[in-house]
Structure formats: structure tokens, C-alpha cells
Amino acid sequence: MARRPTIKDIARRAGVSQSAVSFALNDRPGVSRDTRARIRRVAEELGWQANSAARALSGERSGAVGLVLARPAHTLGVESFFLQLVSGIQEVLSAARTALLFQVVEDVDAECAVYRRWWAERRVDGVLVVDPRTGDPRPALLAELGLPAVTIGEPGPPTGTSASPVSAVRADDAGAMAQVLEHLHGLGHRRIVHIAGLPGLAHTVRRMESLRAEAERRGLGPDHVRSVVTDYSDAEGAAATRRVLAEPRPPTALVYDNDVMAVAGSAVAAELGIPVPHRLSIVAWDDSALCRVTHPRLTALVRDTAGFGRLAAEELLSVLAGGPAGVRESERPRLEPRESTAQAPAHTDS
């Protein structure tokens, strides 16, 4: 294997001292602008990269940020949301020449252990935290460690911490669900079931609470409009669909918390001989290619998920550069009606 180039190699090629190379590569004063440019050009020609372990020991940044997913691994390969989110994150980090350290774990306890290890080893300069939960222990832990972080989807700084390093980017899940219910109610639907995701996630709770509040505002109780929880997988989405459609008074509309479950639910309806949208309307959360190629095409909430990731990465880089922690708002998703929603079937009991 070829030997990794060193500062000594760069100094020899550039015709300068090793200390001059160190000053130039670490953005320190002590060398002229022309010399700094020549040294960096030589370093690039030689393929030199900073030793992240050595930089960590010296107290410098690692040049990496972390992302840990505490979700069932089998649900990640089929859901487009995270692929789009990571693509947006990576777009910003790549431009800033910052690496993304990624890990999948079983639960939040394991995720917290990863944060402790990464920070102790100086593996990352900060982290992006996804899937905020009710009673979430992570913001307080990150504040305790002093590990800069951005929570994607709220909550922000833990209660009682006036100078927390934890920022947040927020999505208006409640407003999005209100759009969905307004659309379905306007089409005459009075029996609506929300096939939700994991029950402990903060955004799942916000969607369920918004659905209930919007239903009550229209005079519809839990016997008309309700939520059932799943693990986001196509298998559980299909199973939940079978259960609710087999009820004595089945729903006339189903709202799914992701595209994969919506497509699986549409397939179940076809198998049961229930035509979409003439007897059953379907709405998917987070539009994707799946929603647009399925027949009929699925009505879906459209949002810039990659842009959500870019916003989170930009906020974290701002915090790492010394900016204040805060909460940034992403644009509200918009509902795009397609062929999977229509007027509720006539002569159905309310």
C-alpha cells in the first residue's frame, strides 16, 4: 500500500518549513497568502488529509457530524423519507467539507450510549437528532455532554436549560393534518381512520392530536375519526388496513403516515374488492414516486424533505461556528389531491 503523505512531504515539495505547512493547513497566521495557497495546492496534489484522531487529541474539530437512527432496521430500506432527508443533509455537509457519521441502533438507550462514546472519543463535532419522542431523554443528555445538536422535528432545548446547545428545525405536522381532514371532510367523509406510525414519536402524537381536534371541531367523535399505530412498515400498514376495513362500519377514508403504508393499503383494498376512490379514499403522508406511479395515483402531502435536511445541516453548522441555538421553521407541507380521493360513497351511515 502507498504511504500516506505527511506534513514533511508537503514541506519538501513546497520548499518551506514543516511549521509553515502546519500554519497554512490549520488557518493560522505566520505565512503569507501566496505561501499558504502554494502549500494547500501541494497538499491537494499529494492527496493529504488531516488525521482526525490527532486533531481530536489536540482539541481541534473532527470534521464530522453524527446521525443515529433508533428504528427497526427493516423499516428503513423501504421508506423514502430518510433517503431524501440524508441527501439534503449530505448536500450541505459536502459543500462544507464535513463528513457524516451514520449509525443504526435498536433503541434510544443505545442511541444515548453512542452519543456518549462519540463525544468521549471526539469522533464528531455535533449531531443531528431525528424522531423526537415524548419524554425524550436525548436533549438533556446532549446539553449535559455539551455536544452541539440539532433536533429534526422538535423538541428544542430541554426545559430549564438557558444555554443549551440543542437547536431544532420544526415541521408543521398539526397544520398538515388539518389540511388532510379539511379535504376529506369537504368530500363528505365522516368515517376516517389514521394509520399512524410509531406511537412514542412526537410527530405521531402531534398528528393524532391534530386529527382529534379537527374532528371534534366538526362535530365528529372518536367513533367516527380515530388513529391506530404501526411501525411504519408495509406489513403493519397492510395488517391495520385489513382490520379496519373488516369492521361492521368501515371507514370511507384512510390517512397513512407514510407512502409505503399507503401503497400497501391500496393493494389490500384492491384484493378485498373495494374500489379506490369510489368506496374508499386514501391519503399518503410524504409524497414520493410510489404515490405517483400507483394506480390510482395517491393524494399526498408534498414537502421538500431534502430541503428539511439542508435546513437542519445548515443550522448545525451555524451552531458549530458559534451561532446561538434556536428553532427554525420548514415550509408547511401542501396537500396535492390526486385520483385516490373522491366524494364519500352515497347512503353511508354517519
# chains A, B, ... in the order shown; residues from 1 in each chain; ligands from 1
call {"tool": "residues_around", "arguments": {"residues": "region 192-201 of chain A", "least_positions_apart": "4", "cutoff": "9 Å", "atoms": "only C-alpha atoms", "output": "VMD selection string"}}
result
chain A and resid 131 to 135 181 184 205 to 208 211 224 to 233 237 240 to 241 244 250 to 258 261 to 262
call {"tool": "select_by_dssp", "arguments": {"residues": "region 145-338 of chain A", "states": "helix (DSSP H, G or I)", "output": "ChimeraX atom specification"}}
result
/A:145,173-186,202-217,234-245,259-271,289-293,305-320
call {"tool": "residues_around", "arguments": {"residues": "Phe308 (chain A)", "least_positions_apart": "5", "cutoff": "10 Å", "atoms": "only C-alpha atoms", "output": "list in words"}}
result
Gln84, Leu85, Val86, Gly88, Ile89, Ile152, Gly153, Val169, Arg170, Ala171, Arg303, Ala313, Glu314, Glu329, Ser330 and Glu331 of chain A
call {"tool": "atom_distance", "arguments": {"atom1": "CA of Glu182 (chain A)", "atom2": "CA of Thr204 (chain A)"}}
result
18.8 Å
call {"tool": "closest_residue", "arguments": {"among": "A:Arg190, A:Leu67, A:Arg33, A:Ala346", "to": "Gly221 (chain A)", "atoms": "only C-alpha atoms"}}
result
A:Arg190
call {"tool": "atom_distance", "arguments": {"atom1": "CA of Ala178 (chain A)", "atom2": "CA of Glu209 (chain A)"}}
result
10.3 Å
call {"tool": "residues_around", "arguments": {"residues": "Ala24 (chain A)", "least_positions_apart": "3", "cutoff": "6 Å", "atoms": "only C-alpha atoms", "output": "ChimeraX atom specification"}}
result
/A:21,27,36
call {"tool": "write_last_selection", "arguments": {"atoms": "N, CA, C and O atoms", "output": "PDB file, in the first residue's frame"}}
result
ATOM      1  N   VAL A  21       3.969  24.730   6.943  1.00  0.00           N
ATOM      2  CA  VAL A  21       2.897  23.854   6.456  1.00  0.00           C
ATOM      3  C   VAL A  21       1.793  23.747   7.498  1.00  0.00           C
ATOM      4  O   VAL A  21       0.601  23.830   7.188  1.00  0.00           O
ATOM      5  N   ASP A  27      -5.001  27.146   9.102  1.00  0.00           N
ATOM      6  CA  ASP A  27      -5.522  28.519   9.036  1.00  0.00           C
ATOM      7  C   ASP A  27      -4.992  29.395  10.165  1.00  0.00           C
ATOM      8  O   ASP A  27      -5.746  30.183  10.767  1.00  0.00           O
ATOM      9  N   ARG A  36       0.656  30.301   1.638  1.00  0.00           N
ATOM     10  CA  ARG A  36      -0.454  29.477   2.106  1.00  0.00           C
ATOM     11  C   ARG A  36      -1.131  28.774   0.915  1.00  0.00           C
ATOM     12  O   ARG A  36      -1.430  27.579   0.969  1.00  0.00           O
TER      13      ARG A  36
END
call {"tool": "closest_residue", "arguments": {"among": "A:Thr341, A:Trp118, A:Glu216, A:Val319", "to": "Arg297 (chain A)", "atoms": "only C-alpha atoms"}}
result
A:Thr341
call {"tool": "residues_around", "arguments": {"residues": "Val16 (chain A)", "least_positions_apart": "3", "cutoff": "12 Å", "atoms": "only C-alpha atoms", "output": "list of chain:residue names"}}
result
A:Ile7, A:Lys8, A:Asp9, A:Ile10, A:Ala11, A:Arg12, A:Arg13, A:Ser19, A:Ala20, A:Val21, A:Ser22, A:Phe23, A:Ala24, A:Val31, A:Ser32, A:Thr35, A:Arg36, A:Arg38, A:Ile39, A:Val42
call {"tool": "write_last_selection", "arguments": {"atoms": "all heavy atoms", "output": "short mmCIF file (atom, residue, chain, number, x, y, z; two decimals), in the first residue's frame"}}
result
data_model
loop_
_atom_site.label_atom_id
_atom_site.label_comp_id
_atom_site.auth_asym_id
_atom_site.auth_seq_id
_atom_site.Cartn_x
_atom_site.Cartn_y
_atom_site.Cartn_z
N ILE A 7 3.10 15.91 6.58
CA ILE A 7 3.46 17.33 6.55
C ILE A 7 4.89 17.51 6.06
O ILE A 7 5.21 18.46 5.34
CB ILE A 7 3.26 17.96 7.94
CG1 ILE A 7 1.76 18.13 8.23
CG2 ILE A 7 3.98 19.29 8.06
CD1 ILE A 7 1.45 18.74 9.57
N LYS A 8 5.77 16.56 6.42
CA LYS A 8 7.16 16.62 5.97
C LYS A 8 7.24 16.54 4.45
O LYS A 8 8.03 17.25 3.81
CB LYS A 8 7.95 15.48 6.61
CG LYS A 8 9.44 15.51 6.32
CD LYS A 8 10.16 14.41 7.09
CE LYS A 8 11.66 14.46 6.81
NZ LYS A 8 12.37 13.36 7.56
N ASP A 9 6.43 15.66 3.84
CA ASP A 9 6.41 15.52 2.38
C ASP A 9 5.95 16.83 1.73
O ASP A 9 6.50 17.26 0.71
CB ASP A 9 5.48 14.39 1.96
CG ASP A 9 5.93 13.04 2.47
OD1 ASP A 9 7.14 12.81 2.54
OD2 ASP A 9 5.06 12.22 2.81
N ILE A 10 4.93 17.45 2.31
CA ILE A 10 4.41 18.70 1.75
C ILE A 10 5.47 19.80 1.85
O ILE A 10 5.68 20.57 0.90
CB ILE A 10 3.13 19.12 2.49
CG1 ILE A 10 2.04 18.06 2.32
CG2 ILE A 10 2.63 20.48 1.99
CD1 ILE A 10 0.84 18.29 3.21
N ALA A 11 6.14 19.87 3.01
CA ALA A 11 7.17 20.89 3.21
C ALA A 11 8.30 20.72 2.19
O ALA A 11 8.78 21.71 1.61
CB ALA A 11 7.72 20.79 4.63
N ARG A 12 8.72 19.47 1.94
CA ARG A 12 9.80 19.21 0.98
C ARG A 12 9.38 19.63 -0.42
O ARG A 12 10.14 20.31 -1.13
CB ARG A 12 10.18 17.74 1.01
CG ARG A 12 11.38 17.40 0.12
CD ARG A 12 11.68 15.91 0.11
NE ARG A 12 11.94 15.40 1.46
CZ ARG A 12 11.15 14.54 2.09
NH1 ARG A 12 10.03 14.09 1.51
NH2 ARG A 12 11.46 14.13 3.29
N ARG A 13 8.16 19.26 -0.83
CA ARG A 13 7.69 19.58 -2.17
C ARG A 13 7.50 21.10 -2.34
O ARG A 13 7.80 21.65 -3.41
CB ARG A 13 6.37 18.86 -2.44
CG ARG A 13 5.68 19.20 -3.76
CD ARG A 13 6.30 18.50 -4.95
NE ARG A 13 6.05 17.07 -4.91
CZ ARG A 13 4.97 16.48 -5.42
NH1 ARG A 13 4.04 17.20 -6.01
NH2 ARG A 13 4.84 15.17 -5.36
N SER A 19 6.79 23.83 9.98
CA SER A 19 5.94 24.72 10.77
C SER A 19 5.10 25.61 9.85
O SER A 19 3.92 25.89 10.15
CB SER A 19 6.79 25.58 11.71
OG SER A 19 7.72 26.37 10.98
N ALA A 20 5.66 26.03 8.72
CA ALA A 20 4.89 26.83 7.76
C ALA A 20 3.73 26.02 7.21
O ALA A 20 2.62 26.53 7.02
CB ALA A 20 5.79 27.31 6.63
N VAL A 21 3.97 24.73 6.94
CA VAL A 21 2.90 23.85 6.46
C VAL A 21 1.79 23.75 7.50
O VAL A 21 0.60 23.83 7.19
CB VAL A 21 3.45 22.46 6.11
CG1 VAL A 21 2.30 21.51 5.76
CG2 VAL A 21 4.43 22.54 4.96
N SER A 22 2.19 23.58 8.75
CA SER A 22 1.20 23.47 9.83
C SER A 22 0.37 24.74 9.94
O SER A 22 -0.86 24.68 10.07
CB SER A 22 1.91 23.19 11.16
OG SER A 22 0.99 23.13 12.22
N PHE A 23 1.04 25.90 9.86
CA PHE A 23 0.31 27.17 9.92
C PHE A 23 -0.70 27.26 8.77
O PHE A 23 -1.85 27.66 8.95
CB PHE A 23 1.28 28.35 9.84
CG PHE A 23 2.14 28.51 11.06
CD1 PHE A 23 3.39 29.11 10.97
CD2 PHE A 23 1.72 28.07 12.30
CE1 PHE A 23 4.19 29.27 12.08
CE2 PHE A 23 2.51 28.22 13.43
CZ PHE A 23 3.76 28.81 13.32
N ALA A 24 -0.25 26.92 7.58
CA ALA A 24 -1.11 27.07 6.39
C ALA A 24 -2.31 26.15 6.43
O ALA A 24 -3.43 26.55 6.11
CB ALA A 24 -0.29 26.82 5.13
N VAL A 31 2.27 32.79 7.81
CA VAL A 31 2.74 32.61 6.44
C VAL A 31 1.98 33.58 5.54
O VAL A 31 0.86 33.99 5.87
CB VAL A 31 2.53 31.16 5.94
CG1 VAL A 31 3.41 30.19 6.68
CG2 VAL A 31 1.06 30.77 6.05
N SER A 32 2.58 33.95 4.43
CA SER A 32 1.93 34.87 3.51
C SER A 32 0.80 34.20 2.76
O SER A 32 0.70 32.97 2.73
CB SER A 32 2.96 35.42 2.51
OG SER A 32 3.35 34.38 1.63
N THR A 35 2.18 31.95 -0.02
CA THR A 35 2.77 30.71 0.51
C THR A 35 1.69 29.76 0.98
O THR A 35 1.75 28.54 0.75
CB THR A 35 3.73 31.03 1.67
OG1 THR A 35 4.77 31.90 1.21
CG2 THR A 35 4.34 29.76 2.24
N ARG A 36 0.66 30.30 1.64
CA ARG A 36 -0.45 29.48 2.11
C ARG A 36 -1.13 28.77 0.91
O ARG A 36 -1.43 27.58 0.97
CB ARG A 36 -1.48 30.34 2.85
CG ARG A 36 -2.60 29.56 3.53
CD ARG A 36 -3.61 30.52 4.15
NE ARG A 36 -2.97 31.47 5.04
CZ ARG A 36 -2.73 31.25 6.33
NH1 ARG A 36 -3.07 30.09 6.86
NH2 ARG A 36 -2.15 32.17 7.08
N ARG A 38 0.20 28.12 -2.02
CA ARG A 38 1.11 27.12 -2.61
C ARG A 38 1.13 25.84 -1.77
O ARG A 38 1.09 24.73 -2.31
CB ARG A 38 2.52 27.70 -2.73
CG ARG A 38 3.49 26.75 -3.43
CD ARG A 38 4.81 27.41 -3.77
NE ARG A 38 5.71 27.47 -2.62
CZ ARG A 38 6.00 28.57 -1.93
NH1 ARG A 38 5.42 29.72 -2.26
NH2 ARG A 38 6.84 28.55 -0.92
N ILE A 39 1.14 26.00 -0.48
CA ILE A 39 1.17 24.83 0.41
C ILE A 39 -0.10 24.01 0.26
O ILE A 39 -0.07 22.77 0.17
CB ILE A 39 1.38 25.28 1.87
CG1 ILE A 39 2.80 25.81 2.07
CG2 ILE A 39 1.09 24.12 2.84
CD1 ILE A 39 3.03 26.48 3.41
N VAL A 42 -0.07 22.09 -3.03
CA VAL A 42 0.80 20.91 -2.94
C VAL A 42 0.13 19.81 -2.13
O VAL A 42 0.17 18.62 -2.49
CB VAL A 42 2.17 21.29 -2.33
CG1 VAL A 42 2.97 20.04 -1.99
CG2 VAL A 42 2.95 22.18 -3.28
#
